[in-house]
file work11.txt (compact mmCIF, C-alpha atoms)
# COMPACT_ATOMS: atom_id res chain seq x y z
CA MET A 11 -24.58 39.98 -34.62
CA PHE A 12 -27.34 41.32 -36.88
CA ARG A 13 -29.90 41.11 -34.11
CA HIS A 14 -27.65 42.97 -31.66
CA VAL A 15 -26.91 45.78 -34.10
CA VAL A 16 -30.57 46.16 -35.08
CA THR A 17 -31.71 46.14 -31.46
CA ASN A 18 -29.09 48.77 -30.56
CA TRP A 19 -29.14 50.67 -33.85
CA SER A 20 -29.22 54.10 -32.19
CA ASP A 21 -25.83 53.30 -30.61
CA TYR A 22 -24.32 53.00 -34.09
CA ALA A 23 -26.20 55.37 -36.40
CA ALA A 24 -29.09 57.78 -36.72
CA PRO A 25 -32.37 55.93 -36.09
CA ASP A 26 -33.57 56.48 -39.67
CA ALA A 27 -30.27 55.41 -41.29
CA GLU A 28 -30.34 52.38 -43.55
CA MET A 29 -28.21 49.35 -42.76
CA LEU A 30 -26.02 47.53 -45.25
CA VAL A 31 -24.12 44.46 -44.09
CA MET A 32 -20.87 43.67 -45.82
CA GLY A 33 -18.03 41.19 -45.73
CA ASP A 34 -15.24 40.01 -47.94
CA SER A 35 -13.99 36.47 -48.49
CA ALA A 36 -14.83 34.42 -45.36
CA GLY A 37 -16.55 37.50 -43.92
CA ALA A 38 -18.84 37.57 -46.96
CA SER A 39 -19.76 33.96 -46.26
CA LEU A 40 -20.68 34.90 -42.68
CA VAL A 41 -22.84 37.77 -43.96
CA ALA A 42 -24.56 35.51 -46.50
CA VAL A 43 -25.33 32.87 -43.85
CA ALA A 44 -26.54 35.38 -41.25
CA ALA A 45 -28.72 37.18 -43.82
CA ALA A 46 -30.25 33.88 -44.93
CA LEU A 47 -30.86 32.62 -41.38
CA THR A 48 -32.52 35.88 -40.29
CA ARG A 49 -34.42 36.45 -43.54
CA ASN A 50 -37.88 36.28 -41.95
CA GLU A 51 -37.12 38.53 -38.99
CA ASN A 52 -37.66 41.91 -40.67
CA LEU A 53 -34.37 43.31 -39.41
CA GLY A 54 -34.50 46.21 -41.85
CA ILE A 55 -31.30 45.42 -43.69
CA ALA A 56 -31.32 47.29 -47.00
CA ALA A 57 -28.80 44.97 -48.69
CA GLN A 58 -25.96 42.55 -48.13
CA VAL A 59 -22.66 43.24 -49.85
CA LEU A 60 -20.59 40.14 -50.59
CA ILE A 61 -17.07 40.79 -51.86
CA TYR A 62 -15.45 37.69 -53.38
CA PRO A 63 -17.33 35.36 -51.03
CA THR A 64 -16.13 31.89 -50.16
CA LEU A 65 -19.29 29.81 -50.35
CA GLY A 66 -18.26 26.27 -49.47
CA PRO A 67 -15.29 24.02 -48.76
CA GLU A 68 -15.56 21.76 -51.82
CA MET A 69 -13.85 24.12 -54.29
CA VAL A 70 -14.38 21.99 -57.39
CA THR A 71 -15.17 24.73 -59.91
CA GLU A 72 -13.19 25.59 -63.01
CA SER A 73 -11.98 28.87 -61.47
CA ALA A 74 -10.82 27.03 -58.33
CA HIS A 75 -8.53 24.88 -60.44
CA LYS A 76 -7.50 27.58 -62.89
CA TYR A 77 -6.65 30.22 -60.26
CA GLY A 78 -6.02 28.02 -57.22
CA VAL A 79 -2.25 28.48 -57.21
CA GLY A 80 -0.29 31.68 -57.74
CA TYR A 81 -3.15 34.19 -57.67
CA MET A 82 -2.96 35.40 -54.07
CA LEU A 83 -5.47 32.91 -52.61
CA ASP A 84 -4.16 29.35 -52.90
CA LEU A 85 -6.53 26.39 -52.67
CA GLU A 86 -4.29 24.59 -50.19
CA HIS A 87 -4.39 27.60 -47.86
CA LEU A 88 -8.16 27.81 -48.26
CA ARG A 89 -8.57 24.09 -47.52
CA ASP A 90 -6.46 24.51 -44.36
CA ASP A 91 -8.61 27.45 -43.27
CA TYR A 92 -11.80 25.41 -43.78
CA SER A 93 -10.29 22.49 -41.88
CA ARG A 94 -9.51 24.68 -38.87
CA TYR A 95 -12.88 26.42 -39.07
CA LEU A 96 -14.98 23.26 -39.37
CA GLY A 97 -12.96 20.96 -37.13
CA ASP A 98 -14.79 17.62 -36.96
CA PHE A 99 -17.97 19.01 -38.57
CA ALA A 100 -18.13 17.10 -41.85
CA ASP A 101 -21.52 17.99 -43.38
CA HIS A 102 -20.54 20.29 -46.21
CA THR A 103 -24.13 20.26 -47.48
CA ASP A 104 -25.24 22.24 -44.41
CA PRO A 105 -26.08 25.71 -45.77
CA ARG A 106 -24.38 27.30 -42.75
CA VAL A 107 -21.15 25.84 -44.16
CA THR A 108 -22.01 26.12 -47.85
CA PRO A 109 -24.43 29.01 -48.46
CA LEU A 110 -24.90 27.72 -52.01
CA MET A 111 -27.00 24.97 -50.41
CA PHE A 112 -29.74 27.27 -49.09
CA GLU A 113 -32.92 26.15 -50.82
CA ASP A 114 -34.91 29.32 -50.24
CA LEU A 115 -33.61 32.85 -49.86
CA THR A 116 -37.04 34.47 -50.02
CA GLY A 117 -37.14 37.38 -47.61
CA ALA A 118 -33.36 37.77 -47.37
CA PRO A 119 -32.01 41.25 -48.07
CA PRO A 120 -30.99 41.77 -51.69
CA ALA A 121 -27.36 41.05 -52.47
CA ILE A 122 -24.60 42.93 -54.22
CA LEU A 123 -21.86 40.51 -55.23
CA LEU A 124 -18.39 41.43 -56.35
CA VAL A 125 -16.24 38.69 -57.81
CA ALA A 126 -12.78 38.88 -59.33
CA GLU A 127 -11.82 37.34 -62.64
CA CYS A 128 -8.60 35.68 -61.44
CA ASP A 129 -10.00 34.29 -58.20
CA PRO A 130 -10.49 30.62 -57.30
CA LEU A 131 -13.82 31.67 -55.73
CA ARG A 132 -15.14 33.40 -58.87
CA ASP A 133 -17.42 30.59 -60.06
CA GLU A 134 -18.94 30.10 -56.59
CA GLY A 135 -19.76 33.82 -56.48
CA LEU A 136 -21.34 33.69 -59.92
CA ALA A 137 -23.38 30.62 -58.93
CA TYR A 138 -24.61 32.40 -55.81
CA ALA A 139 -25.52 35.43 -57.92
CA GLY A 140 -27.84 33.08 -59.81
CA PHE A 141 -30.04 32.95 -56.69
CA TRP A 142 -30.56 36.69 -56.78
CA SER A 143 -32.25 39.29 -58.88
CA ILE A 144 -29.33 41.71 -58.82
CA TRP A 145 -29.86 45.31 -59.85
CA ARG A 146 -26.59 45.44 -61.75
CA SER A 147 -23.54 43.27 -61.26
CA ARG A 148 -19.95 43.40 -62.34
CA PRO A 149 -19.10 39.70 -62.35
CA ASP A 150 -15.65 39.76 -63.92
CA PRO A 151 -13.47 42.78 -63.11
CA ARG A 152 -10.78 42.14 -65.69
CA GLY A 153 -7.56 40.82 -64.28
CA GLN A 154 -8.42 41.37 -60.61
CA ARG A 155 -7.47 38.79 -58.00
CA HIS A 156 -8.98 37.80 -54.69
CA GLY A 157 -8.24 40.69 -52.34
CA ALA A 158 -7.77 43.08 -55.28
CA ARG A 159 -5.14 45.65 -54.48
CA ILE A 160 -6.25 49.27 -54.55
CA LEU A 161 -2.69 50.61 -54.39
CA ALA A 162 0.37 49.69 -56.43
CA HIS A 163 3.72 51.33 -55.70
CA GLY A 164 2.02 53.93 -53.49
CA ARG A 165 -0.47 55.02 -56.16
CA ALA A 166 -4.12 54.24 -56.59
CA ARG A 167 -4.76 51.69 -59.33
CA PRO A 168 -7.37 53.24 -61.68
CA GLU A 169 -9.07 49.92 -62.48
CA ALA A 170 -9.41 49.07 -58.78
CA LEU A 171 -10.76 52.53 -57.97
CA GLU A 172 -13.32 52.11 -60.75
CA ILE A 173 -14.51 48.91 -59.07
CA VAL A 174 -14.71 50.63 -55.67
CA ASP A 175 -16.69 53.53 -57.22
CA ASP A 176 -19.04 51.08 -58.92
CA LEU A 177 -19.57 49.18 -55.67
CA ALA A 178 -20.28 52.44 -53.81
CA GLU A 179 -22.83 53.39 -56.49
CA HIS A 180 -24.61 50.05 -56.05
CA MET A 181 -24.65 50.42 -52.28
CA HIS A 182 -25.99 53.98 -52.58
CA HIS A 183 -28.79 52.67 -54.81
CA PHE A 184 -29.99 50.28 -52.11
CA VAL A 185 -29.84 52.92 -49.40
CA ASP A 186 -31.75 55.42 -51.57
CA ARG A 187 -34.32 52.78 -52.54
CA ALA A 188 -34.85 51.75 -48.91
CA SER A 189 -35.45 55.34 -47.81
CA THR A 190 -38.16 56.10 -50.40
call {"tool": "encode", "arguments": {"input": "work11.txt", "output": "structure tokens"}}
result
Amino acid sequence: MFRHVVTNWSDYAAPDAEMLVMGDSAGASLVAVAAALTRNENLGIAAQVLIYPTLGPEMVTESAHKYGVGYMLDLEHLRDDYSRYLGDFADHTDPRVTPLMFEDLTGAPPAILLVAECDPLRDEGLAYAGFWSIWRSRPDPRGQRHGARILAHGRARPEALEIVDDLAEHMHHFVDRAST
């Protein structure tokens, strides 16, 4: 995917535009894996944006057990998703399955990580952040869940909008830095 977009960049944006790649939940895992696997290809990606990433099927962290039931993303549902995704593939230490297992991320685009306080994936996201020198992170948006809702009863939730504004500021920083 990355290679196709980079090769055909003018079909998607102005030739001098900077590229950020972003995903949330399982999509963030796909972004993290693709960014790591293509890290030495000079694809010109300014940053990767990982929003409450799922980073492996083991789910043995404190947050997985504390928030694994009743907080929007249930562990049992997540285990079922991994089972369908992996099929008979059983090597959970493969970094393509568990990005936390990458031994070297040198050359990968810098990462912006957003994790939610009340998310079973929180501790995985914080562990992955440990691999990165992050410009500024917001590791525990108070009270937010996986898939944080922006709207409640038809109105924007101020705390969620603050998180979105903060994320946009971080993304803008990487685009500005890449263009100077």
call {"tool": "closest_atom_pairs", "arguments": {"input": "work11.txt", "of": "region 22-73 of chain A", "to": "region 88-91 of chain A", "cutoff": "10 Å", "atoms": "all atoms listed in the file", "output": "Markdown table"}}
result
| residue | atom | partner | partner_atom | distance |
| --- | --- | --- | --- | --- |
| A:Ala36 | CA | A:Asp91 | CA | 9.6 |
| A:Thr64 | CA | A:Leu88 | CA | 9.2 |
| A:Pro67 | CA | A:Arg89 | CA | 6.8 |
| A:Glu68 | CA | A:Arg89 | CA | 8.5 |
| A:Met69 | CA | A:Arg89 | CA | 8.6 |
call {"tool": "write_last_selection", "arguments": {"input": "work11.txt", "atoms": "C-alpha atoms", "output": "mmCIF file, keeping the file's coordinate frame"}}
result
data_model
loop_
_atom_site.group_PDB
_atom_site.id
_atom_site.type_symbol
_atom_site.label_atom_id
_atom_site.label_comp_id
_atom_site.auth_asym_id
_atom_site.auth_seq_id
_atom_site.Cartn_x
_atom_site.Cartn_y
_atom_site.Cartn_z
ATOM 1 C CA ALA A 36 -14.830 34.420 -45.360
ATOM 2 C CA THR A 64 -16.130 31.890 -50.160
ATOM 3 C CA PRO A 67 -15.290 24.020 -48.760
ATOM 4 C CA GLU A 68 -15.560 21.760 -51.820
ATOM 5 C CA MET A 69 -13.850 24.120 -54.290
#
call {"tool": "atom_distance", "arguments": {"input": "work11.txt", "atom1": "CA of Pro109 (chain A)", "atom2": "CA of Met29 (chain A)"}}
result
21.5 Å
call {"tool": "atom_distance", "arguments": {"input": "work11.txt", "atom1": "CA of Val79 (chain A)", "atom2": "CA of Glu127 (chain A)"}}
result
14.1 Å
call {"tool": "axis_aligned_box", "arguments": {"input": "work11.txt", "around": "region 51-64 of chain A", "padding_each_side": "5 Å", "output": "AutoDock Vina command-line options"}}
result
--center_x -26.6 --center_y 39.6 --center_z -46.2 --size_x 32.2 --size_y 25.4 --size_z 24.4
call {"tool": "atom_distance", "arguments": {"input": "work11.txt", "atom1": "CA of Met32 (chain A)", "atom2": "CA of His183 (chain A)"}}
result
15.0 Å
call {"tool": "closest_residue", "arguments": {"input": "work11.txt", "among": "A:Leu123, A:Ala24, A:Val31, A:Leu110", "to": "Gly54 (chain A)", "atoms": "only C-alpha atoms"}}
result
A:Val31
call {"tool": "closest_residue", "arguments": {"input": "work11.txt", "among": "A:Leu124, A:Val107, A:Ala57, A:Ala74", "to": "Met181 (chain A)", "atoms": "only C-alpha atoms"}}
result
A:Ala57
call {"tool": "residues_around", "arguments": {"input": "work11.txt", "residues": "Met111 (chain A)", "least_positions_apart": "4", "cutoff": "10 Å", "atoms": "all atoms listed in the file", "output": "list of chain:residue names"}}
result
A:Leu65, A:Gly66, A:His102, A:Thr103, A:Asp104, A:Pro105, A:Arg106, A:Val107, A:Tyr138
call {"tool": "closest_residue", "arguments": {"input": "work11.txt", "among": "A:Leu30, A:Thr17, A:Ala126, A:Ala118", "to": "Ile173 (chain A)", "atoms": "all atoms listed in the file"}}
result
A:Ala126
call {"tool": "residues_around", "arguments": {"input": "work11.txt", "residues": "Val185 (chain A)", "least_positions_apart": "3", "cutoff": "12 Å", "atoms": "all atoms listed in the file", "output": "ChimeraX atom specification"}}
result
/A:26-31,54-58,119-120,178-182,188-190
call {"tool": "build_atoms", "arguments": {"input": "work11.txt", "residues": "region 100-122 of chain A", "atoms": "N, CA, C and O atoms", "output": "CSV table (one decimal), keeping the file's coordinate frame"}}
result
chain,number,residue,atom,x,y,z
A,100,ALA,N,-18.4,17.6,-40.5
A,100,ALA,CA,-18.1,17.1,-41.8
A,100,ALA,C,-19.2,17.3,-42.9
A,100,ALA,O,-19.1,17.0,-44.0
A,101,ASP,N,-20.4,17.8,-42.5
A,101,ASP,CA,-21.5,18.0,-43.4
A,101,ASP,C,-21.4,19.3,-44.2
A,101,ASP,O,-21.9,20.3,-43.8
A,102,HIS,N,-20.7,19.1,-45.3
A,102,HIS,CA,-20.5,20.3,-46.2
A,102,HIS,C,-21.8,20.7,-46.9
A,102,HIS,O,-21.8,21.7,-47.6
A,103,THR,N,-22.9,19.9,-46.9
A,103,THR,CA,-24.1,20.3,-47.5
A,103,THR,C,-25.0,21.1,-46.6
A,103,THR,O,-26.0,21.7,-47.0
A,104,ASP,N,-24.5,21.3,-45.3
A,104,ASP,CA,-25.2,22.2,-44.4
A,104,ASP,C,-25.1,23.7,-45.0
A,104,ASP,O,-24.0,24.1,-45.2
A,105,PRO,N,-26.2,24.4,-45.2
A,105,PRO,CA,-26.1,25.7,-45.8
A,105,PRO,C,-25.3,26.7,-44.9
A,105,PRO,O,-24.9,27.7,-45.4
A,106,ARG,N,-25.2,26.4,-43.6
A,106,ARG,CA,-24.4,27.3,-42.8
A,106,ARG,C,-22.9,27.2,-43.1
A,106,ARG,O,-22.1,28.1,-42.8
A,107,VAL,N,-22.5,26.1,-43.7
A,107,VAL,CA,-21.2,25.8,-44.2
A,107,VAL,C,-21.0,26.2,-45.6
A,107,VAL,O,-20.0,26.9,-46.0
A,108,THR,N,-22.0,25.9,-46.4
A,108,THR,CA,-22.0,26.1,-47.8
A,108,THR,C,-23.3,26.9,-48.2
A,108,THR,O,-24.3,26.3,-48.5
A,109,PRO,N,-23.2,28.2,-48.2
A,109,PRO,CA,-24.4,29.0,-48.5
A,109,PRO,C,-25.1,28.7,-49.8
A,109,PRO,O,-26.3,28.9,-50.0
A,110,LEU,N,-24.3,28.1,-50.7
A,110,LEU,CA,-24.9,27.7,-52.0
A,110,LEU,C,-26.0,26.7,-51.8
A,110,LEU,O,-26.8,26.4,-52.7
A,111,MET,N,-26.0,26.0,-50.7
A,111,MET,CA,-27.0,25.0,-50.4
A,111,MET,C,-28.3,25.5,-49.8
A,111,MET,O,-29.2,24.7,-49.6
A,112,PHE,N,-28.4,26.8,-49.5
A,112,PHE,CA,-29.7,27.3,-49.1
A,112,PHE,C,-30.8,27.0,-50.2
A,112,PHE,O,-30.5,27.3,-51.4
A,113,GLU,N,-31.9,26.5,-49.8
A,113,GLU,CA,-32.9,26.2,-50.8
A,113,GLU,C,-33.8,27.3,-51.1
A,113,GLU,O,-34.5,27.4,-52.1
A,114,ASP,N,-34.0,28.2,-50.1
A,114,ASP,CA,-34.9,29.3,-50.2
A,114,ASP,C,-34.3,30.6,-49.6
A,114,ASP,O,-34.0,30.6,-48.4
A,115,LEU,N,-34.1,31.6,-50.4
A,115,LEU,CA,-33.6,32.8,-49.9
A,115,LEU,C,-34.7,33.9,-49.9
A,115,LEU,O,-34.4,35.1,-49.7
A,116,THR,N,-35.9,33.5,-50.0
A,116,THR,CA,-37.0,34.5,-50.0
A,116,THR,C,-37.0,35.2,-48.7
A,116,THR,O,-36.9,34.6,-47.6
A,117,GLY,N,-37.1,36.6,-48.8
A,117,GLY,CA,-37.1,37.4,-47.6
A,117,GLY,C,-35.8,37.9,-47.2
A,117,GLY,O,-35.7,38.7,-46.3
A,118,ALA,N,-34.7,37.3,-47.7
A,118,ALA,CA,-33.4,37.8,-47.4
A,118,ALA,C,-33.1,39.1,-48.0
A,118,ALA,O,-33.7,39.4,-49.1
A,119,PRO,N,-32.3,40.0,-47.4
A,119,PRO,CA,-32.0,41.2,-48.1
A,119,PRO,C,-31.4,41.0,-49.4
A,119,PRO,O,-30.6,40.0,-49.6
A,120,PRO,N,-31.6,41.9,-50.4
A,120,PRO,CA,-31.0,41.8,-51.7
A,120,PRO,C,-29.5,41.8,-51.6
A,120,PRO,O,-28.9,42.3,-50.6
A,121,ALA,N,-28.8,41.2,-52.5
A,121,ALA,CA,-27.4,41.0,-52.5
A,121,ALA,C,-26.7,41.8,-53.6
A,121,ALA,O,-27.1,41.8,-54.7
A,122,ILE,N,-25.5,42.4,-53.2
A,122,ILE,CA,-24.6,42.9,-54.2
A,122,ILE,C,-23.4,42.0,-54.1
A,122,ILE,O,-22.8,41.8,-53.0
